[in-house]
Amino acid sequence: MKIKKILVSQPKPTTPKSPYFELSEKNNVKIDFRPFIQVEGLDAKDFRKQKVDILNHTAVVFTSRTAIDHFFRLCEETRITVPDTMKYFCISEATAFYLQKYIVYRKRKIFHSTGKFADLVDVIKKHKEEKFLVPLSDIHKQEIPDLLNKSKVKYTKATFYRTVSSDLSDIKEIDYDMLVFFSPSGIASLFQNFPDFKQNDIVIASFGPATAKAVTEAGLRLDIQAPMPQAPSMTAALEMYIKQHNKK
């Protein structure tokens, strides 16, 4: 079956140089973008149920800009003034710079890594005297607590926001040749929005081992998996598949 229409379960790229637009143009396929999941912040009442004392920590570990937004939002809602002495450990330099939205950057102790959590843990281990707070979504990579436990640092993992299914009720039917997923939550959203979904000839692509596992556990056929040695990105994997099948 030739691929003519693809639905990518993520927001539409904001840059005109996105590889998805190039893929669409080069291979004459239509690509639509629609997030299957969205982030929803915990309110102050639900956050307090976790009995997490933010001020009992001397450092915060941020794995994303979303975590930064919801950390400072909940601090404001719970009327907590974050002390100037608080240290910040960020997954990447870009995430660290995002802190400028909330604090005077040059006056704080801020550390960052290369974008890999394992590398950030190496930085964290040099500050074992700190008490770390890790704001996360209710659904997060198991790698995060596993690596922190292995490092034997003092930390508290707390939920500051949730990953929930988007409302896709305006989509009457899945009229696409291919669906592209990036998280197990996306697969859950598919069946929450379309409980009678049947794959039939629809090609399913997934990114990452956890998503691939969710696809197969849902009883679906996994046709494209990324990253792979020959296709390190999702767009590379899609292009390989399209070129192979559209020339038939």
# chains A, B, ... in the order shown; residues from 1 in each chain; ligands from 1
>>> select_by_dssp(residues="stretch 52-205 of chain A", states="strand (DSSP E or B)", output="number ranges by chain")
A: 59-62, 87-90, 109-112, 131-137, 154-165, 178-181, 203-205
>>> select_by_dssp(residues="stretch 178-213 of chain A", states="alpha helix (DSSP H)", output="number ranges by chain")
A: 184-193, 209-213
>>> closest_residue(among="A:Val164, A:Leu220, A:Val82, A:Ala205", to="A:Leu238", atoms="only C-alpha atoms")
A:Ala205
>>> closest_residue(among="A:Ala236, A:Leu133, A:Ile242, A:Leu99", to="A:Tyr155", atoms="only C-alpha atoms")
A:Leu133
>>> closest_residue(among="A:Lys152, A:Lys172, A:His140, A:Lys116", to="A:Phe197", atoms="only C-alpha atoms")
A:Lys172
>>> atom_distance(atom1="atom CA of A:Ala237", atom2="atom CA of A:Ala218")
21.8 Å
>>> residues_around(residues="A:Thr216", least_positions_apart="4", cutoff="12 Å", atoms="only C-alpha atoms", output="NGL selection string")
:A and (184 or 187 or 199 or 204-206 or 209-212 or 220-225)
>>> residues_around(residues="A:Met234", least_positions_apart="3", cutoff="12 Å", atoms="only C-alpha atoms", output="ChimeraX atom specification")
/A:8,19-20,23,179-182,204-208,224-231,237-241
>>> closest_residue(among="A:Lys45, A:Thr235, A:Pro83, A:Thr156", to="A:Glu22", atoms="only C-alpha atoms")
A:Thr235
